[in-house]
Number of protein chains: 4
Amino acid sequence: MDVKLFKDVARNYKSIFFDSYGVLRNYQGTLPGVREMFEFLAKENISYFVLTNDASRSPEQLAENFSSKGIPEITADRIISSGMIAKDYLGNKVPSGTIVYLGTEKAGNYIRTDGVEIISINDFTLEQTEKVSALVLLDDEGFDWNTDLSKAINLLREKNVPVVVASTDLTYPVSKSNLAIAIGSIANLLEPLSEKVFVRFGKPDSIIFNHAYEYALAENPLLSKRDILMVGDTLKTDILGGNKFGIDTCLVLTGNIQAKNAQLFIAATGITPNFICESVTT
Amino acid sequence: MDVKLFKDVARNYKSIFFDSYGVLRNYQGTLPGVREMFEFLAKENISYFVLTNDASRSPEQLAENFSSKGIPEITADRIISSGMIAKDYLGNKVPSGTIVYLGTEKAGNYIRTDGVEIISINDFTLEQTEKVSALVLLDDEGFDWNTDLSKAINLLREKNVPVVVASTDLTYPVSKSNLAIAIGSIANLLEPLSEKVFVRFGKPDSIIFNHAYEYALAENPLLSKRDILMVGDTLKTDILGGNKFGIDTCLVLTGNIQAKNAQLFIAATGITPNFICESVTT
Amino acid sequence: MDVKLFKDVARNYKSIFFDSYGVLRNYQGTLPGVREMFEFLAKENISYFVLTNDASRSPEQLAENFSSKGIPEITADRIISSGMIAKDYLGNKVPSGTIVYLGTEKAGNYIRTDGVEIISINDFTLEQTEKVSALVLLDDEGFDWNTDLSKAINLLREKNVPVVVASTDLTYPVSKSNLAIAIGSIANLLEPLSEKVFVRFGKPDSIIFNHAYEYALAENPLLSKRDILMVGDTLKTDILGGNKFGIDTCLVLTGNIQAKNAQLFIAATGITPNFICESVTT
Amino acid sequence: MDVKLFKDVARNYKSIFFDSYGVLRNYQGTLPGVREMFEFLAKENISYFVLTNDASRSPEQLAENFSSKGIPEITADRIISSGMIAKDYLGNKVPSGTIVYLGTEKAGNYIRTDGVEIISINDFTLEQTEKVSALVLLDDEGFDWNTDLSKAINLLREKNVPVVVASTDLTYPVSKSNLAIAIGSIANLLEPLSEKVFVRFGKPDSIIFNHAYEYALAENPLLSKRDILMVGDTLKTDILGGNKFGIDTCLVLTGNIQAKNAQLFIAATGITPNFICESVTT
């Protein structure tokens with residue numbers, strides 16, 4: 001598969017869905033040239049949205065972060081996070097009672113709604129089990145894994161409540177060569193011990209794509225799926241999810257997959273993007 | 001959880017999504033009282049759609065089958081099958097070349113589109129591997145498992161093509177006490193041997209729900225998700241899928257789960273419907 | 001299956017292999033009547049060994065602990081722990097270099113041998129990666145899960161070293177109703193992220209049974225497998241392991257499985273002991 | 001890791017355990033030079049045993065097959081097959097009743113013992129379920145996968161009997177580039193549908209290694225594990241199993257792994273042999 005220039009690919013679409021990490025930025029910050037890319041999209045009248053497996057904060061907070069890192073173009077109304085999908089789900093299915101969460105206080109505050117009490121697993125004690133109506137896994141920070149993961153298991157063994165996992169990511173990069181374990185791996189640890197079926201949100205699941213599609217349709221009601229391109233650095237989330245949702249997909253080589261391994265990984269998984277580009281900045 | 005009368009539950013919704021097998025019919029045929037239930041829906045002005053993990057034939061053929069079994073109300077335009085979703089996907093992603101399929105001739109014919117050649121795995125020989133552009137798992141009948149499953153593996157080892165699984169069901173009932181192994185289990189056998197990631201369609205994945213939602217919106221543009229009820233007999237497909245999609249769910253006890261085990265299975269899996277009803281005919 | 005008196009079962013064997021936790025003791029300490037049971041074995045001239053999925057300390061330290069809890073009969077030479085098997089393996093396969101371990105200092109000291117450096121994951125820094133020759137998972141205590149589990153993954157991504165898991169237990173009981181997550185679950189979290197195959201020791205794997213059998217043969221060279229009974233409270237470790245090793249098995253109801261659920265669990269798993277007894281003290 | 005000459009490696013051991021397929025022979029027959037290798041072993045006074053994941057026939061029949069292919073040195077008393085281990089297990093655990101098997105008639109005859117009736121799944125009807133005392137998976141041939149696999153599931157749903165899988169192999173080679181699906185994969189298909197825990201025999205499980213060790217000790221009571229070398233072509237069975245059992249291991253490149261990929265596969269799995277040799281004939 002030839003490596004194409006991103007601009008040559010992008011100009012054939014009316015809307016572009018971007019993954020964030022590994023595509024627009026990395027552990028060092030925003031990729032040089034990203035602003036020029038957004039200027040190009042504006043000039044070409046191509047809309048854009050960011051689809052991110054992130055439940056650590058609100059879209060507003062995510063947008064502030066983009067802005068502070070030099071991309072003010074990504075406003076809150078252009079961000080669809082797996083945290084938003086989880087918050088919607090909880091609003092629908094758990095309208096009252098007490099939700100226990102794994103994650104930072106910022107993550108917990110975001111899912112707070114009227115009529116629902118929010119408690120961090122860190123502050124929760126098993127004496128409070130009776131009033132719990134859901135357990136939500138938001139982020140890998142904000143609690144003590146040594147003690148709080150066992151606490152979560154004991155909660156689930158004592159009371160049958162829905163468990164929502166607000167991101168499917170298993171790891172995330174923290175430097176050029178090092179990873180950290182993400183909340184999706186914590187979910188994989190807890191689920192078999194709880195003997196429950198956890199409800200997971202995030203790419204490649206199509207709900208987040210559908211949400212983005214609804215945003216895009218609201219702006220341009222004539223948009224069809226053929227007009228949309230998903231751009232990501234990860235085959236098993238971005239590319240598989242885009243393929244399943246029925247939109248074209250573009251793999252960029254600025255994140256999880258390096259140029260020399262791209263063909264190998266595509267062949268090894270069978271997950272094939274429509275295009276490969278070096279970077280969104282080319 | 002109290003067992004409610006289906007009519008009392010249904011009258012609070014504007015559209016109802018039904019699973020087929022175990023809900024409207026079983027191994028003995030259509031459940032007595034189903035036609036009266038559809039008359040009730042018509043009188044109450046409640047729309048309905050059937051969401052089925054079935055890729056063995058076209059919606060028209062499925063509708064004929066419903067009609068021949070005494071439910072002419074289920075016309076082709078009211079059926080959303082996982083086979084439809086798979087056909088859409090192939091139309092998008094595999095517009096040309098040769099598709100090899102596992103399934104009956106009827107199933108293969110349904111996914112046929114202009115410009116694409118269709119070959120049953122039964123007729124396929126490995127000499128033809130070079131021209132293959134996709135492998136599709138449609139149905140458990142129409143081929144020889146002893147020889148054709150190994151043939152499928154050898155095809156996938158020689159050429160990297162997308163693999164589409166058009167139904168996630170693992171088994172299906174063939175009599176009061178006996179099951180048959182379904183194509184979803186065949187997929188689970190082949191996937192680890194192929195070292196590829198198979199793309200699967202069918203409940204609980206939300207794509208089929210979204211498709212049905214689009215049908216429902218086309219009839220009634222003011223419909224919201226809160227107006228829709230998913231009715232099914234299986235927790236891990238119908239109820240989990242409806243819950244994830246954000247619509248209310250109702251478990252009926254005419255299929256996979258008997259009345260005496262319902263609470264146990266709900267507690268054991270943590271997948272909780274909004275309602276339990278004896279049958280759609282009550 | 002009838003519930004039998006343990007003495008009636010035991011007197012037909014020449015050697016008895018006991019699991020420890022849930023059989024001889026529980027979260028409250030040694031079960032009342034255990035000493036009388038050992039007196040009965042002595043009188044009947046039946047030998048005994050304890051097979052335990054434990055790598056938190058040496059057999060000598062385990063024996064001291066039994067003694068301090070009122071069972072001096074269980075001397076170090078009667079204990080076969082999964083930690084011993086792991087230590088043997090490391091002695092064979094990793095005779096030099098540096099072994100990084102997850103566990104308490106006591107656990108680390110036990111696997112120390114001449115010519116090998118031992119470092120806790122807690123003290124380890126990734127700059128030391130080059131000199132590492134193995135990673136060993138011993139115990140769930142003694143390190144910070146929030147940071148050290150990611151450190152272990154990054155070590156394994158940078159250097160290809162064998163990973164040894166010295167206990168397969170997924171959880172362990174800490175009170176009447178509460179569990180803690182054990183090192184076997186930590187292994188299940190790390191293994192897919194590392195893309196390595198971990199080497200696991202502990203019941204139901206037959207190596208620990210074989211080790212115990214060799215101990216028993218050393219005392220009585222005429223012993224055959226038909227003369228041995230494995231007694232445990234867990235179907236998937238004690239009973240499955242004993243069955244596979246080809247010795248008779250006895251499930252006791254003082255641990256993981258309560259009397260009312262025994263038949264259900266046996267039917268649900270298909271793992272069938274030869275006998276069920278209320279307790280080893282009956 | 002350097003590639004060594006097999007003779008240079010072998011002469012440091014007193015007993016050699018060989019895998020069969022991919023080591024002594026392949027799809028074309030016996031490897032040229034194998035007889036000379038056995039002459040070398042005889043001259044050097046090194047004993048040998050063949051450890052094979054095969055339950056398709058008796059050791060005598062396997063030995064006849066070796067002899068007809070030009071290796072009369074491999075007599076029945078030098079072969080330890082996973083079928084032998086399964087037969088032992090059944091003799092211990094299922095001394096009476098009816099055993100239903102998946103496999104050829106030859107495979108079924110081998111596990112036949114006095115007092116036990118043997119029925120092929122092909123001849124079995126579900127009306128006979130009441131009298132069944134075990135289900136055994138021996139070989140992929142001799143039955144109709146389309147119908148008999150569902151029959152096996154329905155048997156297991158109606159009666160709780162032990163299920164024994166007499167080989168863990170997932171596939172086997174049938175030509176230079178093609179595989180066939182082996183009985184181990186059939187077991188992986190059936191186990192989750194049955195909700196039972198299947199008992200599996202075969203490398204890398206240590207029981208087969210222990211059996212071979214007992215044979216070797218019977219000839220030379222002074223043999224220790226340090227005197228034994230396991231030679232195989234497959235990392236996940238031969239090399240992992242040998243490593244776990246505590247004996248040295250040697251990977252040969254005449255089977256599953258080609259020279260150019262050996263280091264890659266070793267690094268990718270973390271399963272490291274002590275030696276790599278081109279072939280046992282060098």
# chains A, B, ... in the order shown; residues from 1 in each chain; ligands from 1
>>> select_by_dssp(residues="stretch 29-253 of chain C", states="strand (DSSP E)", output="PyMOL selection string")
chain C and resi 29-30+47-52+79-81+97-102+116-120+132-137+163-165+171-173+179-181+199-200+228-232+248-252
>>> interface_residues(of="chain A", to="chain C", cutoff="10 Å", atoms="only C-alpha atoms", output="PyMOL selection string")
chain A and resi 126+140-151+153-155+157-158+170-171+177-182+185-190+192-193
>>> select_by_dssp(residues="stretch 65-257 of chain B", states="helix (DSSP H, G or I)", output="MDAnalysis selection string")
chainID B and resid 65:68 76:78 82:93 105:111 126:131 145:158 183:194 206:219 225:227 235:245
>>> atom_distance(atom1="atom CA of C:Thr269", atom2="atom CA of D:Glu195")
6.6 Å
>>> residues_around(residues="D:Gln28", least_positions_apart="3", cutoff="10 Å", atoms="only C-alpha atoms", output="list in words")
Arg25, Leu31, Val174, Ser175 and Lys176 of chain D
>>> residues_around(residues="A:Val136", least_positions_apart="5", cutoff="6 Å", atoms="only C-alpha atoms", output="PyMOL selection string")
chain A and resi 101+163-165
>>> decode(residues="stretch 224-236 of chain C", atoms="all heavy atoms", output="JSON list (two decimals), in the first residue's frame")
[["chain", "number", "residue", "atom", "x", "y", "z"],
["C", 224, "SER", "N", 1.73, -46.47, 45.49],
["C", 224, "SER", "CA", 1.27, -46.22, 44.11],
["C", 224, "SER", "C", 0.27, -45.06, 44.14],
["C", 224, "SER", "O", -0.21, -44.66, 45.21],
["C", 224, "SER", "CB", 0.63, -47.47, 43.52],
["C", 224, "SER", "OG", -0.76, -47.46, 43.71],
["C", 225, "LYS", "N", -0.04, -44.54, 42.96],
["C", 225, "LYS", "CA", -0.97, -43.41, 42.92],
["C", 225, "LYS", "C", -2.33, -43.78, 43.51],
["C", 225, "LYS", "O", -3.04, -42.93, 44.03],
["C", 225, "LYS", "CB", -1.12, -42.92, 41.48],
["C", 225, "LYS", "CG", 0.10, -42.15, 40.98],
["C", 225, "LYS", "CD", -0.16, -41.49, 39.63],
["C", 225, "LYS", "CE", 1.08, -40.72, 39.15],
["C", 225, "LYS", "NZ", 0.90, -40.20, 37.78],
["C", 226, "ARG", "N", -2.70, -45.04, 43.42],
["C", 226, "ARG", "CA", -4.00, -45.47, 43.96],
["C", 226, "ARG", "C", -4.07, -45.35, 45.48],
["C", 226, "ARG", "O", -5.15, -45.41, 46.06],
["C", 226, "ARG", "CB", -4.28, -46.92, 43.56],
["C", 226, "ARG", "CG", -4.46, -47.09, 42.06],
["C", 226, "ARG", "CD", -4.97, -48.49, 41.70],
["C", 226, "ARG", "NE", -5.25, -48.57, 40.29],
["C", 226, "ARG", "CZ", -6.38, -48.17, 39.72],
["C", 226, "ARG", "NH1", -7.37, -47.69, 40.47],
["C", 226, "ARG", "NH2", -6.56, -48.26, 38.41],
["C", 227, "ASP", "N", -2.90, -45.21, 46.11],
["C", 227, "ASP", "CA", -2.86, -45.13, 47.58],
["C", 227, "ASP", "C", -2.98, -43.69, 48.09],
["C", 227, "ASP", "O", -2.89, -43.45, 49.30],
["C", 227, "ASP", "CB", -1.52, -45.70, 48.09],
["C", 227, "ASP", "CG", -1.32, -47.15, 47.70],
["C", 227, "ASP", "OD1", -2.31, -47.90, 47.71],
["C", 227, "ASP", "OD2", -0.18, -47.53, 47.37],
["C", 228, "ILE", "N", -3.12, -42.74, 47.18],
["C", 228, "ILE", "CA", -3.06, -41.31, 47.57],
["C", 228, "ILE", "C", -4.40, -40.64, 47.39],
["C", 228, "ILE", "O", -5.09, -40.85, 46.39],
["C", 228, "ILE", "CB", -2.00, -40.57, 46.73],
["C", 228, "ILE", "CG1", -0.64, -41.27, 46.86],
["C", 228, "ILE", "CG2", -1.91, -39.11, 47.14],
["C", 228, "ILE", "CD1", 0.41, -40.70, 45.92],
["C", 229, "LEU", "N", -4.76, -39.77, 48.35],
["C", 229, "LEU", "CA", -5.98, -38.98, 48.26],
["C", 229, "LEU", "C", -5.63, -37.50, 48.33],
["C", 229, "LEU", "O", -4.92, -37.07, 49.23],
["C", 229, "LEU", "CB", -6.92, -39.33, 49.42],
["C", 229, "LEU", "CG", -8.24, -38.55, 49.50],
["C", 229, "LEU", "CD1", -9.19, -39.02, 48.39],
["C", 229, "LEU", "CD2", -8.89, -38.73, 50.87],
["C", 230, "MET", "N", -6.12, -36.72, 47.37],
["C", 230, "MET", "CA", -5.97, -35.25, 47.43],
["C", 230, "MET", "C", -7.22, -34.66, 48.05],
["C", 230, "MET", "O", -8.32, -34.93, 47.60],
["C", 230, "MET", "CB", -5.77, -34.69, 46.00],
["C", 230, "MET", "CG", -5.75, -33.16, 45.92],
["C", 230, "MET", "SD", -4.19, -32.47, 46.58],
["C", 230, "MET", "CE", -4.75, -30.85, 47.19],
["C", 231, "VAL", "N", -7.03, -33.83, 49.08],
["C", 231, "VAL", "CA", -8.16, -33.21, 49.78],
["C", 231, "VAL", "C", -8.10, -31.70, 49.59],
["C", 231, "VAL", "O", -7.10, -31.06, 49.91],
["C", 231, "VAL", "CB", -8.10, -33.52, 51.30],
["C", 231, "VAL", "CG1", -9.29, -32.91, 52.02],
["C", 231, "VAL", "CG2", -8.04, -35.02, 51.53],
["C", 232, "GLY", "N", -9.16, -31.11, 49.04],
["C", 232, "GLY", "CA", -9.14, -29.67, 48.81],
["C", 232, "GLY", "C", -10.52, -29.06, 48.86],
["C", 232, "GLY", "O", -11.52, -29.77, 48.86],
["C", 233, "ASP", "N", -10.55, -27.73, 48.86],
["C", 233, "ASP", "CA", -11.84, -27.02, 48.90],
["C", 233, "ASP", "C", -12.16, -26.35, 47.56],
["C", 233, "ASP", "O", -13.21, -25.72, 47.45],
["C", 233, "ASP", "CB", -11.84, -25.96, 50.01],
["C", 233, "ASP", "CG", -10.92, -24.80, 49.69],
["C", 233, "ASP", "OD1", -9.82, -25.04, 49.15],
["C", 233, "ASP", "OD2", -11.30, -23.65, 49.96],
["C", 234, "THR", "N", -11.30, -26.50, 46.56],
["C", 234, "THR", "CA", -11.49, -25.77, 45.31],
["C", 234, "THR", "C", -11.49, -26.74, 44.13],
["C", 234, "THR", "O", -10.52, -27.49, 43.94],
["C", 234, "THR", "CB", -10.35, -24.75, 45.13],
["C", 234, "THR", "OG1", -10.22, -23.98, 46.33],
["C", 234, "THR", "CG2", -10.65, -23.81, 43.97],
["C", 235, "LEU", "N", -12.55, -26.71, 43.34],
["C", 235, "LEU", "CA", -12.67, -27.66, 42.23],
["C", 235, "LEU", "C", -11.59, -27.42, 41.18],
["C", 235, "LEU", "O", -10.97, -28.37, 40.70],
["C", 235, "LEU", "CB", -14.06, -27.55, 41.59],
["C", 235, "LEU", "CG", -15.23, -28.05, 42.45],
["C", 235, "LEU", "CD1", -16.56, -27.73, 41.76],
["C", 235, "LEU", "CD2", -15.11, -29.55, 42.69],
["C", 236, "LYS", "N", -11.36, -26.16, 40.80],
["C", 236, "LYS", "CA", -10.50, -25.90, 39.63],
["C", 236, "LYS", "C", -9.02, -26.05, 39.91],
["C", 236, "LYS", "O", -8.22, -26.05, 38.97],
["C", 236, "LYS", "CB", -10.78, -24.49, 39.07],
["C", 236, "LYS", "CG", -12.17, -24.38, 38.47],
["C", 236, "LYS", "CD", -12.28, -23.20, 37.51],
["C", 236, "LYS", "CE", -13.70, -23.16, 36.96],
["C", 236, "LYS", "NZ", -13.93, -22.09, 35.99]]
